[in-house]
>>> print(open('start-v8.txt').read())   # compact mmCIF, N, CA and C atoms
# COMPACT_ATOMS: atom_id res chain seq x y z
N MET A 26 121.15 110.34 184.75
CA MET A 26 120.76 109.31 183.80
C MET A 26 119.38 109.65 183.24
N PRO A 27 119.20 109.61 181.91
CA PRO A 27 117.89 109.91 181.33
C PRO A 27 116.82 108.93 181.81
N ALA A 28 115.58 109.40 181.86
CA ALA A 28 114.47 108.57 182.35
C ALA A 28 114.31 107.29 181.55
N HIS A 29 114.51 107.34 180.21
CA HIS A 29 114.30 106.13 179.41
C HIS A 29 115.31 105.04 179.73
N GLU A 30 116.47 105.39 180.33
CA GLU A 30 117.45 104.38 180.72
C GLU A 30 117.10 103.76 182.06
N ARG A 31 116.32 104.46 182.85
CA ARG A 31 115.95 103.93 184.17
C ARG A 31 114.78 102.96 184.10
N GLN A 32 113.94 103.09 183.10
CA GLN A 32 112.77 102.24 182.97
C GLN A 32 113.09 101.05 182.06
N ALA A 33 113.14 99.88 182.63
CA ALA A 33 113.42 98.69 181.83
C ALA A 33 112.26 98.42 180.88
N THR A 34 112.60 98.03 179.67
CA THR A 34 111.58 97.61 178.72
C THR A 34 111.94 96.22 178.21
N HIS A 35 110.92 95.52 177.77
CA HIS A 35 111.12 94.17 177.27
C HIS A 35 110.59 94.05 175.84
N ILE A 36 110.48 95.17 175.16
CA ILE A 36 109.88 95.17 173.83
C ILE A 36 110.70 94.34 172.84
N HIS A 37 112.02 94.44 172.88
CA HIS A 37 112.82 93.65 171.94
C HIS A 37 112.72 92.16 172.23
N GLU A 38 112.75 91.79 173.51
CA GLU A 38 112.61 90.38 173.86
C GLU A 38 111.24 89.84 173.44
N MET A 39 110.22 90.65 173.65
CA MET A 39 108.86 90.25 173.26
C MET A 39 108.80 90.05 171.74
N MET A 40 109.39 90.98 171.01
CA MET A 40 109.40 90.86 169.55
C MET A 40 110.11 89.58 169.12
N GLU A 41 111.25 89.27 169.74
CA GLU A 41 111.98 88.05 169.40
C GLU A 41 111.14 86.81 169.68
N HIS A 42 110.47 86.78 170.83
CA HIS A 42 109.63 85.63 171.19
C HIS A 42 108.49 85.44 170.20
N LEU A 43 108.04 86.53 169.60
CA LEU A 43 106.91 86.47 168.68
C LEU A 43 107.36 86.31 167.22
N GLY A 44 108.66 86.20 167.02
CA GLY A 44 109.17 86.01 165.66
C GLY A 44 109.22 87.27 164.83
N ILE A 45 109.18 88.42 165.48
CA ILE A 45 109.27 89.70 164.76
C ILE A 45 110.74 90.06 164.67
N GLU A 46 111.21 90.24 163.46
CA GLU A 46 112.62 90.53 163.22
C GLU A 46 112.85 92.04 163.15
N PRO A 47 113.40 92.65 164.20
CA PRO A 47 113.66 94.08 164.16
C PRO A 47 114.59 94.47 163.02
N GLY A 48 115.54 93.63 162.69
CA GLY A 48 116.49 93.92 161.64
C GLY A 48 115.91 93.83 160.24
N CYS A 49 114.73 93.29 160.10
CA CYS A 49 114.10 93.15 158.78
C CYS A 49 113.20 94.34 158.44
N GLY A 50 113.40 95.43 159.12
CA GLY A 50 112.65 96.63 158.80
C GLY A 50 111.40 96.83 159.64
N ALA A 51 111.13 95.96 160.58
CA ALA A 51 109.91 96.10 161.39
C ALA A 51 109.91 97.43 162.14
N ILE A 52 111.05 97.81 162.69
CA ILE A 52 111.09 99.05 163.46
C ILE A 52 110.97 100.25 162.55
N SER A 53 111.70 100.27 161.43
CA SER A 53 111.62 101.44 160.56
C SER A 53 110.26 101.55 159.87
N ARG A 54 109.67 100.41 159.46
CA ARG A 54 108.35 100.44 158.81
C ARG A 54 107.26 100.85 159.78
N TRP A 55 107.44 100.53 161.02
CA TRP A 55 106.42 100.77 162.04
C TRP A 55 106.89 101.79 163.06
N SER A 56 107.61 102.81 162.63
CA SER A 56 108.25 103.73 163.58
C SER A 56 107.27 104.32 164.60
N LEU A 57 106.13 104.81 164.16
CA LEU A 57 105.17 105.38 165.11
C LEU A 57 104.60 104.30 166.02
N SER A 58 104.23 103.16 165.45
CA SER A 58 103.71 102.06 166.26
C SER A 58 104.77 101.55 167.23
N TYR A 59 106.00 101.41 166.73
CA TYR A 59 107.09 100.94 167.60
C TYR A 59 107.32 101.92 168.74
N THR A 60 107.33 103.21 168.44
CA THR A 60 107.53 104.21 169.48
C THR A 60 106.41 104.14 170.52
N THR A 61 105.19 103.97 170.05
CA THR A 61 104.05 103.82 170.97
C THR A 61 104.23 102.58 171.83
N ALA A 62 104.61 101.46 171.20
CA ALA A 62 104.81 100.21 171.94
C ALA A 62 105.94 100.36 172.95
N PHE A 63 107.02 101.01 172.55
CA PHE A 63 108.14 101.21 173.46
C PHE A 63 107.70 102.00 174.70
N HIS A 64 106.95 103.09 174.48
CA HIS A 64 106.50 103.90 175.62
C HIS A 64 105.48 103.15 176.47
N ARG A 65 104.61 102.37 175.85
CA ARG A 65 103.67 101.55 176.64
C ARG A 65 104.45 100.57 177.51
N CYS A 66 105.46 99.95 176.91
CA CYS A 66 106.28 98.98 177.64
C CYS A 66 107.03 99.66 178.79
N GLU A 67 107.55 100.81 178.50
CA GLU A 67 108.29 101.58 179.49
C GLU A 67 107.42 101.89 180.72
N ASN A 68 106.15 102.16 180.48
CA ASN A 68 105.24 102.54 181.56
C ASN A 68 104.36 101.41 182.06
N CYS A 69 104.59 100.20 181.60
CA CYS A 69 103.75 99.06 181.95
C CYS A 69 103.87 98.69 183.43
N ALA A 70 102.75 98.38 184.03
CA ALA A 70 102.73 97.98 185.43
C ALA A 70 102.92 96.47 185.60
N ASP A 71 102.96 95.72 184.50
CA ASP A 71 103.08 94.26 184.56
C ASP A 71 104.49 93.77 184.20
N LYS A 72 105.52 94.53 184.53
CA LYS A 72 106.88 94.15 184.15
C LYS A 72 107.27 92.78 184.71
N GLN A 73 106.91 92.48 185.94
CA GLN A 73 107.27 91.18 186.51
C GLN A 73 106.55 90.05 185.79
N ASN A 74 105.25 90.23 185.49
CA ASN A 74 104.53 89.23 184.72
C ASN A 74 105.18 89.03 183.36
N CYS A 75 105.62 90.11 182.76
CA CYS A 75 106.27 90.05 181.46
C CYS A 75 107.59 89.27 181.56
N ARG A 76 108.41 89.61 182.54
CA ARG A 76 109.67 88.88 182.73
C ARG A 76 109.43 87.40 182.94
N ASP A 77 108.44 87.07 183.75
CA ASP A 77 108.12 85.66 184.02
C ASP A 77 107.67 84.97 182.74
N TRP A 78 106.80 85.62 181.96
CA TRP A 78 106.30 85.05 180.70
C TRP A 78 107.44 84.83 179.73
N LEU A 79 108.31 85.83 179.57
CA LEU A 79 109.45 85.71 178.66
C LEU A 79 110.39 84.60 179.08
N ALA A 80 110.58 84.43 180.37
CA ALA A 80 111.48 83.38 180.87
C ALA A 80 110.89 81.98 180.69
N ALA A 81 109.57 81.88 180.72
CA ALA A 81 108.91 80.58 180.65
C ALA A 81 108.65 80.08 179.24
N ILE A 82 108.60 80.98 178.26
CA ILE A 82 108.20 80.62 176.91
C ILE A 82 109.28 81.04 175.92
N ALA A 83 109.71 80.09 175.07
CA ALA A 83 110.74 80.40 174.08
C ALA A 83 110.16 81.16 172.89
N THR A 84 109.05 80.68 172.36
CA THR A 84 108.37 81.34 171.25
C THR A 84 106.88 81.28 171.49
N ALA A 85 106.17 82.18 170.85
CA ALA A 85 104.71 82.21 171.01
C ALA A 85 104.08 82.79 169.76
N ASN A 86 102.83 82.45 169.55
CA ASN A 86 102.08 82.99 168.42
C ASN A 86 101.54 84.38 168.72
N PHE A 87 101.26 84.65 169.98
CA PHE A 87 100.66 85.93 170.37
C PHE A 87 101.28 86.43 171.66
N ALA A 88 101.26 87.75 171.81
CA ALA A 88 101.68 88.35 173.07
C ALA A 88 100.67 87.94 174.15
N PRO A 89 101.09 87.89 175.39
CA PRO A 89 100.16 87.53 176.46
C PRO A 89 99.05 88.57 176.61
N ARG A 90 97.95 88.15 177.15
CA ARG A 90 96.78 89.04 177.27
C ARG A 90 97.05 90.28 178.11
N PHE A 91 97.95 90.16 179.09
CA PHE A 91 98.22 91.32 179.94
C PHE A 91 99.08 92.38 179.24
N CYS A 92 99.64 92.06 178.09
CA CYS A 92 100.54 92.98 177.40
C CYS A 92 99.77 94.13 176.75
N PRO A 93 100.10 95.37 177.09
CA PRO A 93 99.40 96.51 176.49
C PRO A 93 99.75 96.70 175.01
N ASN A 94 100.76 95.98 174.52
CA ASN A 94 101.18 96.10 173.13
C ASN A 94 100.71 94.93 172.26
N ALA A 95 99.85 94.10 172.76
CA ALA A 95 99.42 92.91 172.00
C ALA A 95 98.90 93.29 170.61
N ASP A 96 98.15 94.38 170.52
CA ASP A 96 97.59 94.79 169.23
C ASP A 96 98.68 95.22 168.25
N ILE A 97 99.61 96.03 168.71
CA ILE A 97 100.70 96.49 167.85
C ILE A 97 101.60 95.33 167.44
N LEU A 98 101.93 94.47 168.39
CA LEU A 98 102.80 93.33 168.09
C LEU A 98 102.14 92.38 167.10
N PHE A 99 100.83 92.19 167.22
CA PHE A 99 100.12 91.34 166.27
C PHE A 99 100.21 91.93 164.86
N GLU A 100 100.00 93.23 164.73
CA GLU A 100 100.12 93.88 163.42
C GLU A 100 101.53 93.73 162.86
N MET A 101 102.53 93.89 163.71
CA MET A 101 103.91 93.75 163.25
C MET A 101 104.18 92.31 162.77
N GLN A 102 103.63 91.34 163.48
CA GLN A 102 103.81 89.94 163.07
C GLN A 102 103.23 89.71 161.68
N ILE A 103 102.02 90.16 161.49
CA ILE A 103 101.30 89.91 160.24
C ILE A 103 101.91 90.67 159.08
N GLU A 104 102.34 91.89 159.31
CA GLU A 104 102.80 92.76 158.24
C GLU A 104 104.28 92.63 157.90
N GLN A 105 105.04 91.90 158.71
CA GLN A 105 106.47 91.83 158.41
C GLN A 105 106.73 91.00 157.16
N PRO A 106 107.80 91.33 156.44
CA PRO A 106 108.13 90.58 155.23
C PRO A 106 108.43 89.12 155.56
N GLY A 107 108.03 88.23 154.68
CA GLY A 107 108.36 86.81 154.83
C GLY A 107 107.58 86.08 155.89
N VAL A 108 106.38 86.57 156.21
CA VAL A 108 105.57 85.88 157.21
C VAL A 108 105.23 84.49 156.68
N GLY A 109 105.47 83.52 157.49
CA GLY A 109 105.16 82.14 157.14
C GLY A 109 105.36 81.26 158.35
N ARG A 110 105.35 81.90 159.51
CA ARG A 110 105.63 81.16 160.73
C ARG A 110 104.39 80.53 161.35
N TRP A 111 103.21 80.83 160.81
CA TRP A 111 101.99 80.28 161.39
C TRP A 111 101.81 78.84 160.93
N ASP A 112 101.76 77.91 161.85
CA ASP A 112 101.55 76.52 161.47
C ASP A 112 100.07 76.18 161.38
N HIS A 113 99.21 77.01 161.85
CA HIS A 113 97.77 76.82 161.70
C HIS A 113 97.09 78.18 161.79
N PRO A 114 95.95 78.32 161.16
CA PRO A 114 95.28 79.63 161.19
C PRO A 114 94.65 79.88 162.56
N VAL A 115 95.25 80.76 163.32
CA VAL A 115 94.77 81.09 164.66
C VAL A 115 94.69 82.60 164.75
N THR A 116 93.66 83.08 165.36
CA THR A 116 93.54 84.50 165.64
C THR A 116 93.51 84.65 167.16
N PRO A 117 93.78 85.84 167.68
CA PRO A 117 93.72 86.00 169.13
C PRO A 117 92.39 85.56 169.72
N ALA A 118 91.31 85.71 168.97
CA ALA A 118 89.99 85.34 169.48
C ALA A 118 89.80 83.82 169.56
N THR A 119 90.51 83.06 168.71
CA THR A 119 90.32 81.60 168.69
C THR A 119 91.50 80.85 169.29
N ALA A 120 92.49 81.57 169.81
CA ALA A 120 93.69 80.92 170.35
C ALA A 120 93.38 80.13 171.61
N ARG A 121 94.08 79.00 171.73
CA ARG A 121 94.00 78.23 172.97
C ARG A 121 94.84 78.95 174.03
N PRO A 122 94.58 78.71 175.31
CA PRO A 122 95.37 79.38 176.35
C PRO A 122 96.87 79.13 176.23
N ASP A 123 97.29 77.96 175.75
CA ASP A 123 98.71 77.69 175.63
C ASP A 123 99.35 78.43 174.45
N GLU A 124 98.56 79.03 173.57
CA GLU A 124 99.08 79.78 172.45
C GLU A 124 99.20 81.27 172.75
N ILE A 125 98.75 81.66 173.91
CA ILE A 125 98.76 83.07 174.28
C ILE A 125 99.88 83.33 175.26
>>> encode(input="start-v8.txt", output="structure tokens")
Amino acid sequence: MPAHERQATHIHEMMEHLGIEPGCGAISRWSLSYTTAFHRCENCADKQNCRDWLAAIATANFAPRFCPNADILFEMQIEQPGVGRWDHPVTPATARPDEI
């Protein structure tokens, strides 16, 4: 079995929770960034924290602080077509703990 099949990743689930639509061109537009995020996710030491976070939260404005892909995911959120999901202007620096 190839190594990439043995390492669980949660990148698609994280994208869904953050409102990033892979089918809307996010992956193709961000191929290098997506590949980087996928490999970071594959090698992440916080997989259990990630699984717990994904199970506890249906949607979120930002990836959790422990996520090594928070920067890439934030860029994908902002740059995807049809962005309009922000109900208030929040940046990672001004987010409340419940928004992270």
>>> atom_distance(input="start-v8.txt", atom1="atom CA of Phe63 of chain A", atom2="atom N of Ile36 of chain A")
6.7 Å
>>> atom_distance(input="start-v8.txt", atom1="atom C of Glu100 of chain A", atom2="atom N of Arg65 of chain A")
15.9 Å
>>> atom_distance(input="start-v8.txt", atom1="atom N of Ala33 of chain A", atom2="atom C of Asn94 of chain A")
16.9 Å
>>> closest_residue(input="start-v8.txt", among="A:Arg76, A:Phe87, A:His35, A:Ile82", to="His64 of chain A", atoms="only C-alpha atoms")
A:His35
>>> closest_residue(input="start-v8.txt", among="A:Asp96, A:Thr34, A:Leu43, A:Ala70", to="Ala83 of chain A", atoms="all atoms listed in the file")
A:Leu43
>>> closest_residue(input="start-v8.txt", among="A:Glu67, A:Glu46, A:Asp77, A:Glu41", to="Gln105 of chain A", atoms="all atoms listed in the file")
A:Glu46
>>> closest_residue(input="start-v8.txt", among="A:Ala88, A:Cys75, A:Cys69, A:Pro93", to="Met40 of chain A", atoms="only C-alpha atoms")
A:Ala88
>>> residues_around(input="start-v8.txt", residues="His42 of chain A", least_positions_apart="3", cutoff="6.5 Å", atoms="all atoms listed in the file", output="ChimeraX atom specification")
/A:37-39,45,83-86
>>> decode(input="start-v8.txt", residues="segment 55-85 of chain A", atoms="N, CA and C atoms", output="PDB file, in the first residue's frame")
ATOM      1  N   TRP A  55      -5.377  26.496  -6.535  1.00  0.00           N
ATOM      2  CA  TRP A  55      -4.372  26.521  -5.474  1.00  0.00           C
ATOM      3  C   TRP A  55      -3.558  25.234  -5.462  1.00  0.00           C
ATOM      4  N   SER A  56      -3.250  24.678  -6.620  1.00  0.00           N
ATOM      5  CA  SER A  56      -2.631  23.354  -6.671  1.00  0.00           C
ATOM      6  C   SER A  56      -1.369  23.237  -5.817  1.00  0.00           C
ATOM      7  N   LEU A  57      -0.461  24.191  -5.903  1.00  0.00           N
ATOM      8  CA  LEU A  57       0.760  24.115  -5.096  1.00  0.00           C
ATOM      9  C   LEU A  57       0.440  24.276  -3.613  1.00  0.00           C
ATOM     10  N   SER A  58      -0.413  25.236  -3.285  1.00  0.00           N
ATOM     11  CA  SER A  58      -0.800  25.431  -1.886  1.00  0.00           C
ATOM     12  C   SER A  58      -1.549  24.221  -1.356  1.00  0.00           C
ATOM     13  N   TYR A  59      -2.464  23.684  -2.176  1.00  0.00           N
ATOM     14  CA  TYR A  59      -3.221  22.503  -1.748  1.00  0.00           C
ATOM     15  C   TYR A  59      -2.277  21.322  -1.517  1.00  0.00           C
ATOM     16  N   THR A  60      -1.332  21.120  -2.419  1.00  0.00           N
ATOM     17  CA  THR A  60      -0.382  20.024  -2.260  1.00  0.00           C
ATOM     18  C   THR A  60       0.435  20.201  -0.985  1.00  0.00           C
ATOM     19  N   THR A  61       0.856  21.427  -0.721  1.00  0.00           N
ATOM     20  CA  THR A  61       1.586  21.712   0.520  1.00  0.00           C
ATOM     21  C   THR A  61       0.713  21.409   1.731  1.00  0.00           C
ATOM     22  N   ALA A  62      -0.543  21.873   1.692  1.00  0.00           N
ATOM     23  CA  ALA A  62      -1.466  21.638   2.803  1.00  0.00           C
ATOM     24  C   ALA A  62      -1.711  20.142   2.993  1.00  0.00           C
ATOM     25  N   PHE A  63      -1.885  19.424   1.898  1.00  0.00           N
ATOM     26  CA  PHE A  63      -2.112  17.983   1.986  1.00  0.00           C
ATOM     27  C   PHE A  63      -0.935  17.294   2.675  1.00  0.00           C
ATOM     28  N   HIS A  64       0.293  17.644   2.265  1.00  0.00           N
ATOM     29  CA  HIS A  64       1.467  17.012   2.872  1.00  0.00           C
ATOM     30  C   HIS A  64       1.648  17.431   4.325  1.00  0.00           C
ATOM     31  N   ARG A  65       1.347  18.675   4.647  1.00  0.00           N
ATOM     32  CA  ARG A  65       1.403  19.104   6.059  1.00  0.00           C
ATOM     33  C   ARG A  65       0.409  18.295   6.880  1.00  0.00           C
ATOM     34  N   CYS A  66      -0.790  18.123   6.336  1.00  0.00           N
ATOM     35  CA  CYS A  66      -1.832  17.372   7.029  1.00  0.00           C
ATOM     36  C   CYS A  66      -1.411  15.911   7.202  1.00  0.00           C
ATOM     37  N   GLU A  67      -0.854  15.370   6.161  1.00  0.00           N
ATOM     38  CA  GLU A  67      -0.398  13.985   6.180  1.00  0.00           C
ATOM     39  C   GLU A  67       0.633  13.747   7.289  1.00  0.00           C
ATOM     40  N   ASN A  68       1.485  14.731   7.518  1.00  0.00           N
ATOM     41  CA  ASN A  68       2.561  14.595   8.502  1.00  0.00           C
ATOM     42  C   ASN A  68       2.263  15.251   9.841  1.00  0.00           C
ATOM     43  N   CYS A  69       1.054  15.738  10.032  1.00  0.00           N
ATOM     44  CA  CYS A  69       0.694  16.464  11.247  1.00  0.00           C
ATOM     45  C   CYS A  69       0.704  15.559  12.479  1.00  0.00           C
ATOM     46  N   ALA A  70       1.227  16.081  13.564  1.00  0.00           N
ATOM     47  CA  ALA A  70       1.267  15.339  14.819  1.00  0.00           C
ATOM     48  C   ALA A  70      -0.003  15.543  15.649  1.00  0.00           C
ATOM     49  N   ASP A  71      -0.892  16.430  15.214  1.00  0.00           N
ATOM     50  CA  ASP A  71      -2.110  16.738  15.969  1.00  0.00           C
ATOM     51  C   ASP A  71      -3.362  16.105  15.358  1.00  0.00           C
ATOM     52  N   LYS A  72      -3.239  14.929  14.769  1.00  0.00           N
ATOM     53  CA  LYS A  72      -4.389  14.302  14.114  1.00  0.00           C
ATOM     54  C   LYS A  72      -5.559  14.078  15.072  1.00  0.00           C
ATOM     55  N   GLN A  73      -5.287  13.656  16.295  1.00  0.00           N
ATOM     56  CA  GLN A  73      -6.383  13.421  17.241  1.00  0.00           C
ATOM     57  C   GLN A  73      -7.064  14.735  17.608  1.00  0.00           C
ATOM     58  N   ASN A  74      -6.281  15.798  17.844  1.00  0.00           N
ATOM     59  CA  ASN A  74      -6.880  17.108  18.109  1.00  0.00           C
ATOM     60  C   ASN A  74      -7.738  17.543  16.933  1.00  0.00           C
ATOM     61  N   CYS A  75      -7.271  17.286  15.733  1.00  0.00           N
ATOM     62  CA  CYS A  75      -7.997  17.650  14.527  1.00  0.00           C
ATOM     63  C   CYS A  75      -9.315  16.876  14.451  1.00  0.00           C
ATOM     64  N   ARG A  76      -9.253  15.571  14.650  1.00  0.00           N
ATOM     65  CA  ARG A  76     -10.479  14.755  14.628  1.00  0.00           C
ATOM     66  C   ARG A  76     -11.473  15.242  15.666  1.00  0.00           C
ATOM     67  N   ASP A  77     -10.987  15.539  16.859  1.00  0.00           N
ATOM     68  CA  ASP A  77     -11.871  16.029  17.929  1.00  0.00           C
ATOM     69  C   ASP A  77     -12.500  17.362  17.542  1.00  0.00           C
ATOM     70  N   TRP A  78     -11.693  18.277  16.991  1.00  0.00           N
ATOM     71  CA  TRP A  78     -12.192  19.595  16.577  1.00  0.00           C
ATOM     72  C   TRP A  78     -13.234  19.450  15.487  1.00  0.00           C
ATOM     73  N   LEU A  79     -12.957  18.625  14.482  1.00  0.00           N
ATOM     74  CA  LEU A  79     -13.897  18.418  13.381  1.00  0.00           C
ATOM     75  C   LEU A  79     -15.200  17.803  13.875  1.00  0.00           C
ATOM     76  N   ALA A  80     -15.120  16.908  14.840  1.00  0.00           N
ATOM     77  CA  ALA A  80     -16.324  16.265  15.377  1.00  0.00           C
ATOM     78  C   ALA A  80     -17.158  17.221  16.223  1.00  0.00           C
ATOM     79  N   ALA A  81     -16.507  18.185  16.857  1.00  0.00           N
ATOM     80  CA  ALA A  81     -17.199  19.085  17.773  1.00  0.00           C
ATOM     81  C   ALA A  81     -17.805  20.310  17.101  1.00  0.00           C
ATOM     82  N   ILE A  82     -17.310  20.685  15.930  1.00  0.00           N
ATOM     83  CA  ILE A  82     -17.714  21.938  15.295  1.00  0.00           C
ATOM     84  C   ILE A  82     -18.217  21.656  13.883  1.00  0.00           C
ATOM     85  N   ALA A  83     -19.419  22.157  13.568  1.00  0.00           N
ATOM     86  CA  ALA A  83     -19.988  21.942  12.236  1.00  0.00           C
ATOM     87  C   ALA A  83     -19.368  22.883  11.205  1.00  0.00           C
ATOM     88  N   THR A  84     -19.269  24.153  11.545  1.00  0.00           N
ATOM     89  CA  THR A  84     -18.649  25.147  10.664  1.00  0.00           C
ATOM     90  C   THR A  84     -17.817  26.085  11.511  1.00  0.00           C
ATOM     91  N   ALA A  85     -16.867  26.731  10.868  1.00  0.00           N
ATOM     92  CA  ALA A  85     -15.998  27.665  11.589  1.00  0.00           C
ATOM     93  C   ALA A  85     -15.508  28.735  10.632  1.00  0.00           C
TER      94      ALA A  85
END
